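Chemist: Input: one structure, supplied below.
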Amino acid sequence: MAAHINSIEGRAPFRGYETWYRVTGDLGSGKLPLVILHGGPGVAHNYVDAYKLLARDGRAVIHYDQLGCGNSTLLPEKGADFWTPQLFIDELENLVDHLGIRSGFHVLGQSWGGMLGSEYAVLQPDGLASLTIANSPASMKLWVEEANRLRADLPQDVQDTLTRHETAGTTDHADYQAATMVFYERHVCRVVPFPPEVTASFEQAARNPTVYALMNGPNEFHVIGTLKTWSVIDRLPSIDVPTLIISGRYDEATPATVQPFKDGIKGARWEIFEQSSHMPHVEEQEDCMRVVGDFLNQNDR
């Protein structure tokens, strides 16, 4: 692990709030730093902690908690109109400048983080050297269609439990949560029981559900939040940096949800991890680090 590599934590002021961040490794090394965008939205950095292993190669790796979750300002009183992709783009831009890395940096976004990363890269921001889109859909319409297809393969009693509680509006019921976990153990993380860092993110989201509930919904396949109509497909040709796409063979981000990234981003490369679902950085950790690390090394400038 990267325990022997120094890390520092800090807080970046942002519109009167604070963004918590951690830098593993040395920002002054010869390699461009990597900024990790976590998923959810609102599921904090813990479960993507393994990407700090990329610092073993002399590259600084920056984790942060997006506003509304984890160690950053929580703001549970804010409504749906506050939590927009643009807010999180602005927060990322603020962090880049706060850390003084505008001259060059890589971005890796996982799940919602990859959606955010693609939104960001479309804008062709100064300093962005490459983009890695990890386990992300290019459209939530495709995501929901595919989630329903995967859900239809669950045991019938699990499907019935899910439908019963969604219809009744009781998605916080223990039976519903247990049925949801059947899906998660197939299509979110196939390392069971979940590693501590994955559990920590889920527990954090349960304590601070504002962002996830408003933007997504109660879980990964019942999407009723503000992102339900989100798509970046028609804007993807604007992405002009080297792009790596990764997904898992059993991923809830199925090939159908990922294909538009490959089709729409010129020169994009797509790697599928055969033993993984939504978290190859956990499920096939060393292979994932090798693939991402090689890509970053090829695209330092």
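Chain labels follow the order of the structure tokens: the first chain is A, the next B, and so on; residue numbering restarts at 1 in every chain, and ligands are counted from 1 in their shown order.
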Using only C-alpha atoms, which protein or nucleic acid residues come within 12 Å of Val291 of chain A? Drop anything in the same chain fewer than 4 positions from it, and give the result as a VMD selection string.
Modeler: chain A and resid 51 54 132 134 244 to 247 269 to 273 280 to 281 284 to 287 295 to 298
Chemist: Write the residues of the preceding selection, restricted to N, CA, C and O atoms, as an mmCIF file, in the first residue's frame.
Modeler:
```cif
data_model
loop_
_atom_site.group_PDB
_atom_site.id
_atom_site.type_symbol
_atom_site.label_atom_id
_atom_site.label_comp_id
_atom_site.auth_asym_id
_atom_site.auth_seq_id
_atom_site.Cartn_x
_atom_site.Cartn_y
_atom_site.Cartn_z
ATOM 1 N N TYR A 51 -6.941 4.562 -5.351
ATOM 2 C CA TYR A 51 -6.223 5.284 -6.412
ATOM 3 C C TYR A 51 -4.999 6.036 -5.875
ATOM 4 O O TYR A 51 -4.149 6.448 -6.657
ATOM 5 N N LEU A 54 -1.431 5.016 -6.973
ATOM 6 C CA LEU A 54 -0.734 5.582 -8.128
ATOM 7 C C LEU A 54 0.393 6.517 -7.697
ATOM 8 O O LEU A 54 1.276 6.837 -8.502
ATOM 9 N N THR A 132 -9.681 10.267 -17.421
ATOM 10 C CA THR A 132 -10.045 8.861 -17.275
ATOM 11 C C THR A 132 -11.482 8.799 -16.782
ATOM 12 O O THR A 132 -11.817 9.388 -15.748
ATOM 13 N N ALA A 134 -14.151 6.342 -15.430
ATOM 14 C CA ALA A 134 -14.183 5.023 -14.812
ATOM 15 C C ALA A 134 -15.601 4.653 -14.411
ATOM 16 O O ALA A 134 -16.185 5.310 -13.543
ATOM 17 N N LEU A 244 -9.054 7.796 -21.410
ATOM 18 C CA LEU A 244 -9.133 6.374 -21.101
ATOM 19 C C LEU A 244 -10.493 6.097 -20.492
ATOM 20 O O LEU A 244 -10.934 6.820 -19.588
ATOM 21 N N ILE A 245 -11.159 5.056 -20.977
ATOM 22 C CA ILE A 245 -12.439 4.617 -20.425
ATOM 23 C C ILE A 245 -12.212 3.255 -19.792
ATOM 24 O O ILE A 245 -11.605 2.379 -20.419
ATOM 25 N N ILE A 246 -12.665 3.059 -18.564
ATOM 26 C CA ILE A 246 -12.588 1.730 -17.962
ATOM 27 C C ILE A 246 -13.952 1.331 -17.407
ATOM 28 O O ILE A 246 -14.740 2.173 -16.962
ATOM 29 N N SER A 247 -14.224 0.043 -17.482
ATOM 30 C CA SER A 247 -15.460 -0.499 -16.902
ATOM 31 C C SER A 247 -15.226 -1.962 -16.568
ATOM 32 O O SER A 247 -14.201 -2.547 -16.933
ATOM 33 N N ARG A 269 -9.675 5.329 -25.624
ATOM 34 C CA ARG A 269 -9.353 3.909 -25.450
ATOM 35 C C ARG A 269 -10.218 3.345 -24.338
ATOM 36 O O ARG A 269 -10.428 3.993 -23.312
ATOM 37 N N TRP A 270 -10.718 2.120 -24.522
ATOM 38 C CA TRP A 270 -11.659 1.516 -23.568
ATOM 39 C C TRP A 270 -11.104 0.181 -23.100
ATOM 40 O O TRP A 270 -10.810 -0.695 -23.914
ATOM 41 N N GLU A 271 -10.961 0.032 -21.795
ATOM 42 C CA GLU A 271 -10.459 -1.204 -21.194
ATOM 43 C C GLU A 271 -11.534 -1.781 -20.286
ATOM 44 O O GLU A 271 -12.045 -1.100 -19.387
ATOM 45 N N ILE A 272 -11.905 -3.063 -20.526
ATOM 46 C CA ILE A 272 -12.898 -3.743 -19.697
ATOM 47 C C ILE A 272 -12.187 -4.744 -18.799
ATOM 48 O O ILE A 272 -11.396 -5.561 -19.268
ATOM 49 N N PHE A 273 -12.453 -4.676 -17.499
ATOM 50 C CA PHE A 273 -11.872 -5.587 -16.522
ATOM 51 C C PHE A 273 -12.811 -6.781 -16.337
ATOM 52 O O PHE A 273 -13.956 -6.620 -15.899
ATOM 53 N N PRO A 280 -13.392 -1.751 -10.350
ATOM 54 C CA PRO A 280 -12.159 -2.478 -10.645
ATOM 55 C C PRO A 280 -10.973 -2.016 -9.806
ATOM 56 O O PRO A 280 -10.045 -2.789 -9.575
ATOM 57 N N HIS A 281 -11.014 -0.790 -9.304
ATOM 58 C CA HIS A 281 -9.934 -0.312 -8.441
ATOM 59 C C HIS A 281 -9.908 -1.069 -7.118
ATOM 60 O O HIS A 281 -8.898 -1.062 -6.410
ATOM 61 N N GLU A 284 -10.060 -5.624 -9.037
ATOM 62 C CA GLU A 284 -8.832 -6.045 -9.733
ATOM 63 C C GLU A 284 -7.798 -4.936 -9.563
ATOM 64 O O GLU A 284 -7.325 -4.341 -10.519
ATOM 65 N N GLN A 285 -7.433 -4.706 -8.318
ATOM 66 C CA GLN A 285 -6.726 -3.493 -7.937
ATOM 67 C C GLN A 285 -5.409 -3.296 -8.683
ATOM 68 O O GLN A 285 -5.175 -2.237 -9.280
ATOM 69 N N GLU A 286 -4.556 -4.286 -8.663
ATOM 70 C CA GLU A 286 -3.238 -4.098 -9.269
ATOM 71 C C GLU A 286 -3.340 -3.915 -10.784
ATOM 72 O O GLU A 286 -2.634 -3.083 -11.359
ATOM 73 N N ASP A 287 -4.195 -4.685 -11.435
ATOM 74 C CA ASP A 287 -4.372 -4.517 -12.880
ATOM 75 C C ASP A 287 -4.918 -3.136 -13.204
ATOM 76 O O ASP A 287 -4.494 -2.486 -14.168
ATOM 77 N N PHE A 295 -1.362 4.736 -18.624
ATOM 78 C CA PHE A 295 -2.026 5.778 -19.407
ATOM 79 C C PHE A 295 -1.569 7.173 -18.970
ATOM 80 O O PHE A 295 -1.252 8.037 -19.803
ATOM 81 N N LEU A 296 -1.503 7.392 -17.660
ATOM 82 C CA LEU A 296 -1.065 8.703 -17.161
ATOM 83 C C LEU A 296 0.374 8.979 -17.568
ATOM 84 O O LEU A 296 0.704 10.098 -17.993
ATOM 85 N N ASN A 297 1.238 7.975 -17.443
ATOM 86 C CA ASN A 297 2.644 8.153 -17.821
ATOM 87 C C ASN A 297 2.793 8.526 -19.293
ATOM 88 O O ASN A 297 3.650 9.333 -19.660
ATOM 89 N N GLN A 298 1.940 7.963 -20.122
ATOM 90 C CA GLN A 298 1.997 8.237 -21.554
ATOM 91 C C GLN A 298 1.529 9.656 -21.882
ATOM 92 O O GLN A 298 1.837 10.180 -22.952
#
```
Chemist: Any chance you could list, as a ChimeraX atom specification, the residues in segment 49-287 of chain A that come up alpha helix (DSSP H) when DSSP is run on the backbone?
Modeler: /A:85-99,112-122,140-151,156-168,174-187,196-207,210-215,255-264,280-283,285-287
Chemist: Between A:Arg164, A:Arg207, A:Lys141, A:Arg190, which is the closest to Glu274 of chain A once you count only C-alpha atoms?
Modeler: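 Between A:Arg164, A:Arg207, A:Lys141, A:Arg190, the residue approaching Glu274 of chain A most closely is A:Arg190.
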Chemist: Do you know which residues are at most 7 Å from Ser7 of chain A counting only C-alpha atoms, after dropping those on the same chain fewer than 6 positions away, and could you put them as a VMD selection string?
Modeler: chain A and resid 22 to 25
Chemist: Let's have the selection written as a short mmCIF file (atom, residue, chain, number, x, y, z; two decimals), in the first residue's frame, with C-alpha atoms.
Modeler:
```cif
data_model
loop_
_atom_site.label_atom_id
_atom_site.label_comp_id
_atom_site.auth_asym_id
_atom_site.auth_seq_id
_atom_site.Cartn_x
_atom_site.Cartn_y
_atom_site.Cartn_z
CA ARG A 22 -5.96 15.16 0.64
CA VAL A 23 -2.78 15.11 -1.42
CA THR A 24 -0.85 11.81 -1.41
CA GLY A 25 2.69 12.28 -2.71
#
```
Chemist: Taking the backbone alone, and naming residues the way the document does, which bits of segment 51-169 of chain A are strand (DSSP E or B) by DSSP, as a list in words?
Modeler: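 Restricting segment 51-169 of chain A to strand (DSSP E or B) produces Val61, Ile62, His63, Tyr64, Phe105, His106, Val107, Leu108, Gly109, Gln110, Leu128, Ala129, Ser130, Leu131, Thr132, Ile133, Ala134 and Ser139 of chain A.
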Chemist: Please produce an output containing N, CA, C and O atoms for each residue in the selection, written as a short mmCIF file (atom, residue, chain, number, x, y, z; two decimals), in the first residue's frame.
Modeler:
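Result written to selection-v2.cif:
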```cif
data_model
loop_
_atom_site.label_atom_id
_atom_site.label_comp_id
_atom_site.auth_asym_id
_atom_site.auth_seq_id
_atom_site.Cartn_x
_atom_site.Cartn_y
_atom_site.Cartn_z
N VAL A 61 -1.43 12.31 -5.94
CA VAL A 61 -2.83 11.93 -6.18
C VAL A 61 -3.70 12.72 -5.21
O VAL A 61 -3.47 12.70 -3.99
N ILE A 62 -4.67 13.44 -5.76
CA ILE A 62 -5.52 14.34 -4.98
C ILE A 62 -6.91 13.75 -4.86
O ILE A 62 -7.61 13.56 -5.86
N HIS A 63 -7.29 13.42 -3.65
CA HIS A 63 -8.68 13.05 -3.35
C HIS A 63 -9.37 14.26 -2.71
O HIS A 63 -8.73 15.03 -1.99
N TYR A 64 -10.65 14.40 -2.96
CA TYR A 64 -11.42 15.41 -2.23
C TYR A 64 -12.85 14.96 -2.10
O TYR A 64 -13.31 14.10 -2.84
N PHE A 105 -2.54 18.95 -15.07
CA PHE A 105 -3.08 17.94 -14.17
C PHE A 105 -3.93 16.96 -14.98
O PHE A 105 -4.42 17.27 -16.06
N HIS A 106 -4.06 15.76 -14.42
CA HIS A 106 -4.96 14.74 -14.97
C HIS A 106 -6.23 14.68 -14.11
O HIS A 106 -6.20 15.00 -12.93
N VAL A 107 -7.32 14.20 -14.70
CA VAL A 107 -8.56 13.97 -13.96
C VAL A 107 -9.02 12.54 -14.18
O VAL A 107 -9.03 12.04 -15.31
N LEU A 108 -9.35 11.86 -13.07
CA LEU A 108 -10.02 10.56 -13.13
C LEU A 108 -11.33 10.68 -12.38
O LEU A 108 -11.34 11.04 -11.20
N GLY A 109 -12.43 10.38 -13.05
CA GLY A 109 -13.74 10.41 -12.42
C GLY A 109 -14.36 9.03 -12.42
O GLY A 109 -14.39 8.35 -13.45
N GLN A 110 -14.87 8.61 -11.25
CA GLN A 110 -15.47 7.28 -11.13
C GLN A 110 -16.98 7.41 -10.95
O GLN A 110 -17.46 8.17 -10.13
N LEU A 128 -5.84 20.83 -18.25
CA LEU A 128 -6.26 19.43 -18.27
C LEU A 128 -5.43 18.65 -19.29
O LEU A 128 -5.46 18.96 -20.49
N ALA A 129 -4.69 17.64 -18.80
CA ALA A 129 -3.80 16.88 -19.67
C ALA A 129 -4.43 15.58 -20.17
O ALA A 129 -4.11 15.12 -21.26
N SER A 130 -5.29 14.98 -19.36
CA SER A 130 -5.97 13.75 -19.78
C SER A 130 -7.21 13.55 -18.92
O SER A 130 -7.36 14.15 -17.85
N LEU A 131 -8.08 12.66 -19.39
CA LEU A 131 -9.30 12.31 -18.68
C LEU A 131 -9.41 10.80 -18.61
O LEU A 131 -9.23 10.11 -19.62
N THR A 132 -9.68 10.27 -17.42
CA THR A 132 -10.05 8.86 -17.28
C THR A 132 -11.48 8.80 -16.78
O THR A 132 -11.82 9.39 -15.75
N ILE A 133 -12.33 8.12 -17.54
CA ILE A 133 -13.74 7.94 -17.21
C ILE A 133 -13.90 6.50 -16.72
O ILE A 133 -13.74 5.55 -17.49
N ALA A 134 -14.15 6.34 -15.43
CA ALA A 134 -14.18 5.02 -14.81
C ALA A 134 -15.60 4.65 -14.41
O ALA A 134 -16.19 5.31 -13.54
N SER A 139 -25.22 8.73 -20.38
CA SER A 139 -26.59 9.21 -20.34
C SER A 139 -27.34 8.46 -19.25
O SER A 139 -27.20 7.25 -19.11
#
```
Chemist: I'd like the interatomic distance between atom CA of Gly267 of chain A and atom CA of Ser231 of chain A, to a tenth of an Å.
Modeler: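 The value is 20.4 Å.
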Chemist: Using only C-alpha atoms for the distances, tell me which of A:Leu53, A:Leu123, A:Met115, A:Ile8 is nearest to Asn135 of chain A.
Modeler: A:Met115
